[in-house]
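Undergrad: My file is structure.csv. It has CSV, C-alpha atoms and all ligand atoms:
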chain,number,residue,atom,x,y,z
P,332,MET,CA,208.8,96.5,35.1
P,333,ASN,CA,208.1,92.9,34.5
P,334,GLU,CA,210.5,91.9,37.2
P,335,ARG,CA,209.1,92.1,40.6
P,336,PRO,CA,212.1,91.9,42.9
P,337,GLY,CA,210.3,92.0,46.2
P,338,GLU,CA,208.0,89.3,45.1
P,339,SER,CA,210.6,87.2,43.6
P,340,ALA,CA,210.5,84.7,46.0
P,341,GLU,CA,212.8,82.2,46.7
P,342,THR,CA,211.2,82.9,49.3
P,343,SER,CA,211.0,84.5,52.5
P,344,CYS,CA,207.6,84.1,53.7
P,345,ALA,CA,206.1,85.0,56.9
P,346,SER,CA,202.7,84.6,58.3
P,347,ALA,CA,200.4,87.5,58.3
P,348,HIS,CA,199.5,86.5,61.8
P,349,GLY,CA,202.8,86.9,63.4
P,350,ALA,CA,205.2,84.6,65.1
P,351,HIS,CA,204.8,81.2,63.7
P,352,SER,CA,206.2,79.2,60.9
P,353,HIS,CA,205.3,76.3,58.7
P,354,SER,CA,206.1,74.5,55.5
P,355,HIS,CA,203.5,73.8,52.9
P,356,GLY,CA,205.5,71.5,50.7
P,357,HIS,CA,205.8,73.5,47.6
P,358,GLN,CA,208.3,76.0,46.2
P,359,HIS,CA,207.9,79.5,45.2
P,360,THR,CA,208.7,80.4,41.7
P,361,HIS,CA,210.7,83.4,40.5
P,362,ASP,CA,207.7,85.3,39.4
P,363,GLY,CA,206.5,85.5,43.0
P,364,THR,CA,203.9,82.8,42.9
P,365,CYS,CA,203.6,80.0,45.2
P,366,CYS,CA,203.6,77.0,42.9
P,367,GLY,CA,202.5,73.5,43.5
P,368,GLY,CA,199.3,73.4,41.4
P,369,HIS,CA,197.4,76.3,42.8
P,370,GLY,CA,197.4,78.8,40.1
P,371,HIS,CA,199.6,81.4,38.5
P,372,ALA,CA,200.4,85.0,39.1
P,373,LYS,CA,202.6,85.8,36.1
P,374,ARG,CA,201.3,88.7,34.2
P,375,PRO,CA,201.4,88.6,30.4
P,376,PRO,CA,204.3,90.5,29.0
P,377,GLY,CA,203.5,94.1,28.5
P,378,ALA,CA,200.9,94.2,31.3
P,379,ASP,CA,199.7,97.7,31.9
P,380,ILE,CA,201.5,98.5,35.2
P,381,LEU,CA,199.6,101.3,37.0
P,382,ILE,CA,201.9,101.9,39.9
P,383,SER,CA,205.3,100.5,41.0
P,384,ALA,CA,207.2,100.8,44.2
P,385,ARG,CA,210.9,99.9,44.5
P,386,ALA,CA,212.8,99.5,47.7
P,387,LEU,CA,210.5,101.6,49.8
P,388,ALA,CA,211.6,102.4,53.3
P,389,VAL,CA,209.7,104.5,55.8
P,390,THR,CA,211.2,105.2,59.2
P,391,ARG,CA,209.4,107.2,61.9
P,392,SER,CA,210.7,108.1,65.3
P,393,GLY,CA,213.8,106.1,64.6
P,394,ARG,CA,211.7,102.9,63.9
P,395,ALA,CA,211.6,101.1,60.6
P,396,ILE,CA,207.9,101.0,59.6
P,397,LEU,CA,208.6,99.7,56.1
P,398,SER,CA,211.8,98.5,54.5
P,399,GLY,CA,212.8,97.2,51.1
P,400,VAL,CA,209.2,97.0,49.8
P,401,ASP,CA,208.7,96.4,46.1
P,402,LEU,CA,205.3,96.2,44.5
P,403,ASP,CA,203.5,96.5,41.1
P,404,ILE,CA,199.9,96.7,40.4
P,405,ALA,CA,198.6,96.2,36.9
P,406,ALA,CA,195.3,97.3,35.3
P,407,GLY,CA,192.6,94.7,35.8
P,408,GLU,CA,194.1,92.9,38.8
P,409,ILE,CA,193.0,92.8,42.4
P,410,VAL,CA,195.9,92.8,44.8
P,411,THR,CA,195.4,92.4,48.5
P,412,ILE,CA,197.9,93.4,51.2
P,413,ILE,CA,197.5,91.3,54.3
P,414,GLY,CA,199.4,91.6,57.5
P,415,PRO,CA,198.9,91.9,61.3
P,416,ASN,CA,198.0,95.1,63.1
P,417,GLY,CA,200.9,97.5,62.8
P,418,ALA,CA,202.5,95.7,59.8
P,419,GLY,CA,202.7,99.0,57.9
P,420,LYS,CA,199.8,98.3,55.5
P,421,THR,CA,198.3,101.8,55.8
P,422,THR,CA,201.7,103.4,55.7
P,423,LEU,CA,202.5,101.5,52.5
P,424,VAL,CA,199.3,102.6,50.8
P,425,ARG,CA,199.8,106.2,51.9
P,426,ALA,CA,203.4,106.0,50.5
P,427,LEU,CA,202.0,104.7,47.2
P,428,LEU,CA,199.6,107.6,47.1
P,429,GLY,CA,202.3,110.1,47.8
P,430,LEU,CA,200.8,111.0,51.3
P,431,GLU,CA,203.8,109.6,53.2
P,432,ARG,CA,207.4,110.8,53.1
P,433,LEU,CA,209.8,108.1,51.8
P,434,ASP,CA,213.1,107.6,53.5
P,435,GLU,CA,214.3,105.4,50.7
P,436,GLY,CA,213.1,104.1,47.4
P,437,GLU,CA,210.7,105.4,44.8
P,438,VAL,CA,207.1,105.1,43.6
P,439,GLN,CA,206.3,105.4,39.9
P,440,ARG,CA,202.8,106.0,38.7
P,441,ARG,CA,201.7,105.6,35.1
P,442,ARG,CA,201.4,108.9,33.4
P,443,GLY,CA,198.1,110.5,34.1
P,444,LEU,CA,197.1,107.8,36.6
P,445,THR,CA,193.9,108.6,38.5
P,446,ILE,CA,193.5,107.0,41.9
P,447,GLY,CA,190.3,106.6,43.9
P,448,TYR,CA,191.0,106.1,47.5
P,449,VAL,CA,188.8,104.9,50.3
P,450,PRO,CA,190.6,105.5,53.5
P,451,GLN,CA,190.5,103.2,56.5
P,452,ARG,CA,188.9,105.8,58.7
P,453,PHE,CA,186.2,108.2,57.7
P,454,ASP,CA,184.9,109.8,60.7
P,455,ILE,CA,181.6,111.5,60.1
P,456,ASP,CA,179.9,113.8,62.5
P,457,ARG,CA,176.6,111.9,62.8
P,458,THR,CA,174.9,115.1,63.9
P,459,LEU,CA,175.9,117.0,60.7
P,460,PRO,CA,172.8,117.3,58.5
P,461,MET,CA,174.0,116.2,55.0
P,462,THR,CA,172.4,113.8,52.5
P,463,VAL,CA,174.5,111.3,50.6
P,464,ALA,CA,173.8,113.1,47.4
P,465,ARG,CA,175.0,116.4,48.9
P,466,PHE,CA,178.1,114.7,50.3
P,467,LEU,CA,179.0,113.3,46.9
P,468,ALA,CA,178.4,116.6,45.3
P,469,LEU,CA,181.3,118.0,47.3
P,470,GLY,CA,183.8,115.9,45.3
P,471,GLU,CA,185.5,116.8,42.1
P,472,GLY,CA,183.7,115.7,38.9
P,473,ALA,CA,180.5,115.3,40.8
P,474,ARG,CA,177.8,116.3,38.4
P,475,ALA,CA,174.4,115.3,39.5
P,476,SER,CA,174.0,112.8,36.7
P,477,ARG,CA,177.3,111.2,37.6
P,478,ILE,CA,176.3,110.9,41.2
P,479,GLY,CA,173.2,109.0,40.3
P,480,ALA,CA,175.2,106.7,38.0
P,481,VAL,CA,177.9,105.8,40.6
P,482,LEU,CA,175.3,105.3,43.3
P,483,GLU,CA,173.6,102.9,41.0
P,484,GLU,CA,176.9,101.2,40.1
P,485,VAL,CA,177.6,100.5,43.8
P,486,GLY,CA,174.0,99.5,44.5
P,487,ALA,CA,173.3,102.4,46.8
P,488,SER,CA,170.7,104.4,44.8
P,489,ARG,CA,168.1,104.1,47.5
P,490,VAL,CA,170.2,106.0,50.1
P,491,ALA,CA,170.8,109.0,47.9
P,492,ASN,CA,168.5,111.3,49.9
P,493,GLN,CA,169.3,109.7,53.2
P,494,GLN,CA,171.3,111.5,55.9
P,495,LEU,CA,175.0,110.5,55.9
P,496,GLY,CA,174.8,110.0,59.7
P,497,GLU,CA,172.0,107.4,59.4
P,498,LEU,CA,173.8,105.0,57.1
P,499,SER,CA,174.8,101.5,58.2
P,500,GLY,CA,178.4,100.5,58.0
P,501,GLY,CA,177.9,98.7,54.7
P,502,GLU,CA,175.9,101.6,53.2
P,503,LEU,CA,178.6,104.1,54.2
P,504,GLN,CA,181.3,101.9,52.6
P,505,ARG,CA,179.3,101.8,49.3
P,506,VAL,CA,178.9,105.6,49.4
P,507,LEU,CA,182.6,106.1,50.0
P,508,LEU,CA,183.2,103.7,47.1
P,509,ALA,CA,180.9,105.8,45.0
P,510,ARG,CA,182.8,108.9,45.9
P,511,ALA,CA,186.1,107.2,44.9
P,512,LEU,CA,184.6,106.3,41.6
P,513,LEU,CA,183.4,109.8,40.7
P,514,ASN,CA,186.7,110.7,39.2
P,515,ASP,CA,186.8,107.6,37.0
P,516,PRO,CA,189.9,106.2,38.6
P,517,ASP,CA,192.3,103.7,36.9
P,518,LEU,CA,193.3,102.4,40.3
P,519,LEU,CA,191.0,101.9,43.3
P,520,VAL,CA,192.6,101.7,46.7
P,521,LEU,CA,190.6,100.5,49.6
P,522,ASP,CA,192.0,100.4,53.1
P,523,GLU,CA,190.1,97.8,55.1
P,524,PRO,CA,186.9,98.3,53.2
P,525,VAL,CA,184.9,95.9,55.3
P,526,ARG,CA,185.6,97.3,58.7
P,527,GLY,CA,182.3,97.4,60.6
P,528,VAL,CA,180.5,95.4,57.9
P,529,ASP,CA,178.9,92.1,58.7
P,530,TYR,CA,179.8,88.9,56.9
P,531,VAL,CA,177.0,89.1,54.3
P,532,GLY,CA,177.8,92.7,53.7
P,533,GLU,CA,181.4,91.8,53.4
P,534,ALA,CA,180.9,89.1,50.8
P,535,GLU,CA,178.6,91.5,48.8
P,536,LEU,CA,181.2,94.3,49.0
P,537,TYR,CA,183.9,92.1,47.5
P,538,THR,CA,181.6,90.8,44.8
P,539,LEU,CA,180.9,94.4,44.0
P,540,ILE,CA,184.6,95.3,43.9
P,541,GLY,CA,185.2,92.3,41.5
P,542,ARG,CA,182.3,93.6,39.3
P,543,LEU,CA,183.8,97.1,39.2
P,544,ARG,CA,187.1,95.7,38.2
P,545,ASP,CA,185.5,93.6,35.4
P,546,ALA,CA,183.3,96.5,34.1
P,547,ARG,CA,185.9,99.3,34.3
P,548,GLY,CA,189.2,97.4,33.9
P,549,LEU,CA,190.4,98.9,37.1
P,550,GLY,CA,193.4,97.9,39.1
P,551,VAL,CA,192.4,97.4,42.7
P,552,LEU,CA,194.6,97.5,45.8
P,553,LEU,CA,192.9,96.2,49.0
P,554,ILE,CA,194.2,96.1,52.5
P,555,SER,CA,193.1,93.5,55.0
P,556,HIS,CA,194.5,92.6,58.3
P,557,ASP,CA,193.4,89.0,58.1
P,558,LEU,CA,193.1,86.1,55.8
P,559,HIS,CA,189.4,86.6,55.3
P,560,ILE,CA,187.0,86.1,52.4
P,561,VAL,CA,189.0,88.7,50.6
P,562,MET,CA,191.5,86.0,49.7
P,563,ALA,CA,189.1,84.3,47.4
P,564,ASN,CA,188.6,87.6,45.6
P,565,SER,CA,192.2,88.5,45.0
P,566,ASP,CA,194.4,87.8,42.0
P,567,ARG,CA,197.5,88.3,44.1
P,568,VAL,CA,198.2,88.6,47.8
P,569,ILE,CA,201.1,90.3,49.4
P,570,CYS,CA,202.0,89.4,53.0
P,571,LEU,CA,203.4,92.4,54.7
P,572,ASN,CA,205.1,92.6,58.0
P,573,ARG,CA,207.2,95.8,57.6
P,574,HIS,CA,208.7,94.1,54.6
P,575,VAL,CA,207.2,91.9,51.9
P,576,CYS,CA,207.3,88.5,53.5
P,577,CYS,CA,205.6,86.7,50.6
P,578,SER,CA,203.4,87.3,47.7
P,579,GLY,CA,201.6,85.2,45.1
P,580,VAL,CA,198.3,83.7,44.0
P,581,PRO,CA,195.9,83.0,46.9
P,582,GLU,CA,195.3,79.3,47.5
P,583,THR,CA,191.9,78.1,48.4
P,584,VAL,CA,192.2,76.0,51.5
P,585,ALA,CA,189.3,76.3,53.8
P,586,GLN,CA,190.4,74.1,56.6
P,587,HIS,CA,193.9,75.2,57.4
P,588,PRO,CA,194.6,74.5,61.1
P,589,GLU,CA,195.9,77.9,62.0
P,590,TYR,CA,193.1,79.6,60.2
P,591,VAL,CA,190.5,77.5,62.0
P,592,ARG,CA,192.2,78.3,65.2
P,593,LEU,CA,192.1,82.0,64.4
P,594,PHE,CA,188.7,82.4,63.0
P,595,GLY,CA,186.7,79.3,64.1
P,596,ARG,CA,185.7,76.3,62.1
P,597,ASP,CA,182.5,77.7,60.7
P,598,GLU,CA,184.1,80.8,59.4
P,599,ALA,CA,187.1,78.8,58.1
P,600,ARG,CA,184.8,76.7,56.0
P,601,ALA,CA,183.6,79.7,54.2
P,602,PHE,CA,186.9,81.4,53.7
P,603,ALA,CA,189.9,80.8,51.6
P,604,VAL,CA,193.4,80.8,52.9
P,605,TYR,CA,196.8,81.3,51.5
P,606,GLN,CA,199.6,79.0,52.4
P,607,HIS,CA,203.3,79.6,52.2
P,608,ARG,CA,206.6,78.6,53.4
P,609,HIS,CA,208.7,80.5,55.9
P,610,ASP,CA,212.4,80.8,56.1
P,611,HIS,CA,212.0,83.3,58.9
P,612,ARG,CA,209.7,84.1,61.6
P,613,HIS,CA,208.6,87.3,63.4
P,614,ASP,CA,209.3,88.0,67.0
P,615,LEU,CA,206.6,89.6,69.2
P,616,ALA,CA,207.7,93.0,68.0
P,617,GLY,CA,207.2,92.0,64.4
P,618,GLU,CA,210.9,91.9,63.6
P,619,PRO,CA,212.0,89.2,61.3
P,620,ALA,CA,214.3,86.6,62.8
P,621,PRO,CA,215.7,83.3,61.5
P,622,VAL,CA,213.7,80.2,62.2
P,623,GLY,CA,215.1,78.0,64.9
P,624,THR,CA,216.9,80.6,66.9
P,625,ASP,CA,214.1,81.4,69.3
P,626,ASP,CA,212.7,79.7,72.3
P,627,GLY,CA,211.1,76.9,70.3
P,628,LYS,CA,207.7,78.4,70.2
P,629,ASP,CA,208.0,78.9,66.5
P,630,SER,CA,208.7,75.6,65.0
P,631,PRO,CA,208.9,75.4,61.2
P,632,SER,CA,206.4,72.5,61.4
P,633,GLY,CA,203.8,74.7,63.0
P,634,GLY,CA,201.4,74.4,60.2
P,635,ALA,CA,200.2,77.9,60.3
P,636,ALA,CA,199.2,80.2,57.5
X,701,LIG,N1,204.1,109.0,62.1
X,701,LIG,C1,204.4,107.9,62.8
X,701,LIG,N2,205.3,108.0,63.8
X,701,LIG,C2,205.6,106.9,64.5
X,701,LIG,N3,205.1,105.7,64.3
X,701,LIG,C3,204.2,105.6,63.3
X,701,LIG,C4,203.8,106.7,62.5
X,701,LIG,N4,202.9,106.3,61.6
X,701,LIG,C5,202.7,104.9,61.8
X,701,LIG,N5,203.5,104.5,62.9
X,701,LIG,C6,203.6,103.1,63.4
X,701,LIG,O1,203.9,102.3,62.3
X,701,LIG,C7,203.3,101.1,62.4
X,701,LIG,C8,202.5,100.7,61.1
X,701,LIG,O2,201.3,101.5,61.1
X,701,LIG,P1,200.2,101.2,60.0
X,701,LIG,O3,199.0,102.0,60.4
X,701,LIG,O4,200.8,101.4,58.7
X,701,LIG,O5,199.9,99.7,60.2
X,701,LIG,P2,198.8,98.8,59.6
X,701,LIG,O6,199.4,97.5,59.1
X,701,LIG,O7,197.9,99.6,58.7
X,701,LIG,O8,198.0,98.5,61.0
X,701,LIG,P3,196.4,98.2,61.3
X,701,LIG,O9,196.1,96.8,60.7
X,701,LIG,O10,196.4,98.2,62.8
X,701,LIG,O11,195.6,99.3,60.6
X,701,LIG,C9,202.4,101.1,63.7
X,701,LIG,O12,203.1,100.5,64.7
X,701,LIG,C10,202.3,102.6,63.9
X,701,LIG,O13,202.1,102.9,65.3
Please rewrite the model in this file as structure tokens.

TA:
Amino acid sequence: MNERPGESAETSCASAHGAHSHSHGHQHTHDGTCCGGHGHAKRPPGADILISARALAVTRSGRAILSGVDLDIAAGEIVTIIGPNGAGKTTLVRALLGLERLDEGEVQRRRGLTIGYVPQRFDIDRTLPMTVARFLALGEGARASRIGAVLEEVGASRVANQQLGELSGGELQRVLLARALLNDPDLLVLDEPVRGVDYVGEAELYTLIGRLRDARGLGVLLISHDLHIVMANSDRVICLNRHVCCSGVPETVAQHPEYVRLFGRDEARAFAVYQHRHDHRHDLAGEPAPVGTDDGKDSPSGGAA
């Protein structure tokens, strides 16, 4: 379990933002890190692995949605999966949770593992009269005293008696997080937890996730479709575009040209970015293709992350 084949990375890296390539002048080590002075990702021997995937493949309607995906998440670490829309992030998480049929590969969970899952979409009927406390009481393990405690833990005590349909995006996310914590999970899985949350709310939410990890020793798996502030809050990042393109420790580089192009200079200043080296690119359909065989749009010196 100490080997992480998909993350061993000689390494095939691809941008989370699609068809471009670059070189960042450092090598990837065998433990899946990007080296060159920006940190380490190697876990101590005997790390408490919560969940492992090996060679996962999911095919739907004759199309490979995931192939050859390997992944481990240990207790106490925050792992973020990034990738463009349609990269298979949600499918991978659902596969890890046992909600998606595998065409190949296997998922191993630590014995007795409890997972708290906050799905990407949680459509509530805003006209449905239901308070937050009542909503949380519908869950397993939801004694009234626990409901108060988890709401406190996520900083949402004051909305306990508010109608679910009246909550802001950020408040709803905290309530969903509280619901996921009710069962005392070992692993917290959050699919795009900041969707619909503004920048300040987003930063607060990630700070909160970090605090929960510290206090509870949780493993956390996050999904993001961009290289946002989440990067600065992750121990390890996995770039997914139907396969694991690259993984390692996030590097804090606020002014990467491609990042600035994508998110604007002001935002880029505040955010961290992860750089890596490609030996392939992705075509417009997201399929991997060797660098240098296209129409020249994807030059290896592109400087994108
Ligand atoms: N049951 C299915 N049948 C056919 N195609 C599917 C099925 N489920 C997912 N897909 C396709 O698989 C691809 C990956 O979907 P997925 O939702 O996992 O991507 P994602 O990385 O989470 O995307 P986003 O960032 O947009 O949420 C998409 O192109 C989607 O249309």

Undergrad: With distances taken over only C-alpha atoms and all ligand atoms, which residue among P:Asp454, P:Asp545, P:Glu523, P:Gly429 lies nearest ligand LIG 701 (chain X)?

TA: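 Comparing P:Asp454, P:Asp545, P:Glu523, P:Gly429 against ligand LIG 701 (chain X), the winner is P:Glu523.
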
Undergrad: Please tabulate, as a Markdown table, the residues of chain P that come within 7 Å of ligand LIG 701 (chain X), each with its closest pair of atoms and the distance in Å to one decimal, counting all atoms listed in the file and ordering rows by chain, then residue number upward.

TA:
| residue | atom | partner | partner_atom | distance |
| --- | --- | --- | --- | --- |
| P:Arg391 | CA | X:LIG701 | N2 | 4.6 |
| P:Ser392 | CA | X:LIG701 | C2 | 5.3 |
| P:Ile396 | CA | X:LIG701 | O1 | 5.0 |
| P:Gly414 | CA | X:LIG701 | O6 | 6.1 |
| P:Pro415 | CA | X:LIG701 | O9 | 5.7 |
| P:Asn416 | CA | X:LIG701 | O9 | 3.5 |
| P:Gly417 | CA | X:LIG701 | O5 | 3.5 |
| P:Ala418 | CA | X:LIG701 | O6 | 3.7 |
| P:Gly419 | CA | X:LIG701 | O4 | 3.2 |
| P:Lys420 | CA | X:LIG701 | O6 | 3.7 |
| P:Thr421 | CA | X:LIG701 | O7 | 3.7 |
| P:Thr422 | CA | X:LIG701 | O4 | 3.7 |
| P:Leu423 | CA | X:LIG701 | O4 | 6.4 |
| P:His556 | CA | X:LIG701 | O9 | 5.1 |

Undergrad: Rank nothing, just name the residue among P:Leu518, P:Val410, P:Val575, P:Val506 nearest to P:Gly548, using only C-alpha atoms.

TA: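 Using only C-alpha atoms, the shortest distance to P:Gly548 belongs to P:Leu518.
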
Undergrad: Hey, which of P:Leu430, P:Leu519, P:Leu571, P:Leu552 ends up closest to P:Asp403? Count all atoms listed in the file.

TA: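 Among P:Leu430, P:Leu519, P:Leu571, P:Leu552, it is P:Leu552 that comes nearest to P:Asp403.
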
Undergrad: Which is closer to P:Tyr448 than all the others in P:Ser499, P:Thr390, P:Ser578, P:Asn514, using only C-alpha atoms?

TA: P:Asn514

Undergrad: Please, what distance in Å, to one decimal, runs between atom CA of P:Asp401 and atom CA of P:Val389?

TA: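 Taking atom CA of P:Asp401 as the start and atom CA of P:Val389 as the end point, the length is 12.7 Å.
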
Undergrad: Ranking P:Leu549, P:Val449, P:Ile382, P:Ala487 by minimum distance to P:Asp515 and counting all atoms listed in the file, which one comes first?

TA: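 Among the listed residues, the smallest separation from P:Asp515 belongs to P:Leu549.
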
Undergrad: Quick one: residues within 10 Å of P:Arg489, only C-alpha atoms counted, chain neighbours fewer than 6 positions away excluded, as a list in words?

TA: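 The neighbour list is Leu482, Glu483 and Glu502 of chain P.
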
Undergrad: With all atoms listed in the file as the atoms that count, which of P:Met461, P:Leu553, P:Asn572, P:Ser565 lies nearest to P:Ser398?

TA: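 Using all atoms listed in the file, the shortest distance to P:Ser398 belongs to P:Asn572.
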
Undergrad: Atom CA of P:Leu469 to atom CA of P:Gly496: how many Å, to one decimal?

TA: 16.1 Å

Undergrad: Just give me the gap between atom CA of P:Ala491 and atom CA of P:Leu507 in Å, one decimal is fine.

TA: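 These two atoms are separated by 12.3 Å.
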
Undergrad: Hey, what's within 6 Å of P:Gly436 if we count all atoms listed in the file and toss same-chain stuff fewer than 5 positions away? As JSON, numbers by chain, please?

TA: {"P": [385, 386, 387]}

Undergrad: Using all atoms listed in the file, determine which residues lie at most 12 Å from P:Arg477, disregarding the query and same-chain residues fewer than 2 positions distant; provide the list as an mmCIF file with C-alpha atoms, in the frame of the given file.

TA:
data_model
loop_
_atom_site.group_PDB
_atom_site.id
_atom_site.type_symbol
_atom_site.label_atom_id
_atom_site.label_comp_id
_atom_site.auth_asym_id
_atom_site.auth_seq_id
_atom_site.Cartn_x
_atom_site.Cartn_y
_atom_site.Cartn_z
ATOM 1 C CA ALA P 464 173.800 113.100 47.400
ATOM 2 C CA LEU P 467 179.000 113.300 46.900
ATOM 3 C CA ALA P 468 178.400 116.600 45.300
ATOM 4 C CA GLY P 470 183.800 115.900 45.300
ATOM 5 C CA GLU P 471 185.500 116.800 42.100
ATOM 6 C CA GLY P 472 183.700 115.700 38.900
ATOM 7 C CA ALA P 473 180.500 115.300 40.800
ATOM 8 C CA ARG P 474 177.800 116.300 38.400
ATOM 9 C CA ALA P 475 174.400 115.300 39.500
ATOM 10 C CA GLY P 479 173.200 109.000 40.300
ATOM 11 C CA ALA P 480 175.200 106.700 38.000
ATOM 12 C CA VAL P 481 177.900 105.800 40.600
ATOM 13 C CA LEU P 482 175.300 105.300 43.300
ATOM 14 C CA GLU P 483 173.600 102.900 41.000
ATOM 15 C CA GLU P 484 176.900 101.200 40.100
ATOM 16 C CA SER P 488 170.700 104.400 44.800
ATOM 17 C CA ALA P 509 180.900 105.800 45.000
ATOM 18 C CA ARG P 510 182.800 108.900 45.900
ATOM 19 C CA LEU P 512 184.600 106.300 41.600
ATOM 20 C CA LEU P 513 183.400 109.800 40.700
ATOM 21 C CA ASN P 514 186.700 110.700 39.200
ATOM 22 C CA ASP P 515 186.800 107.600 37.000
#
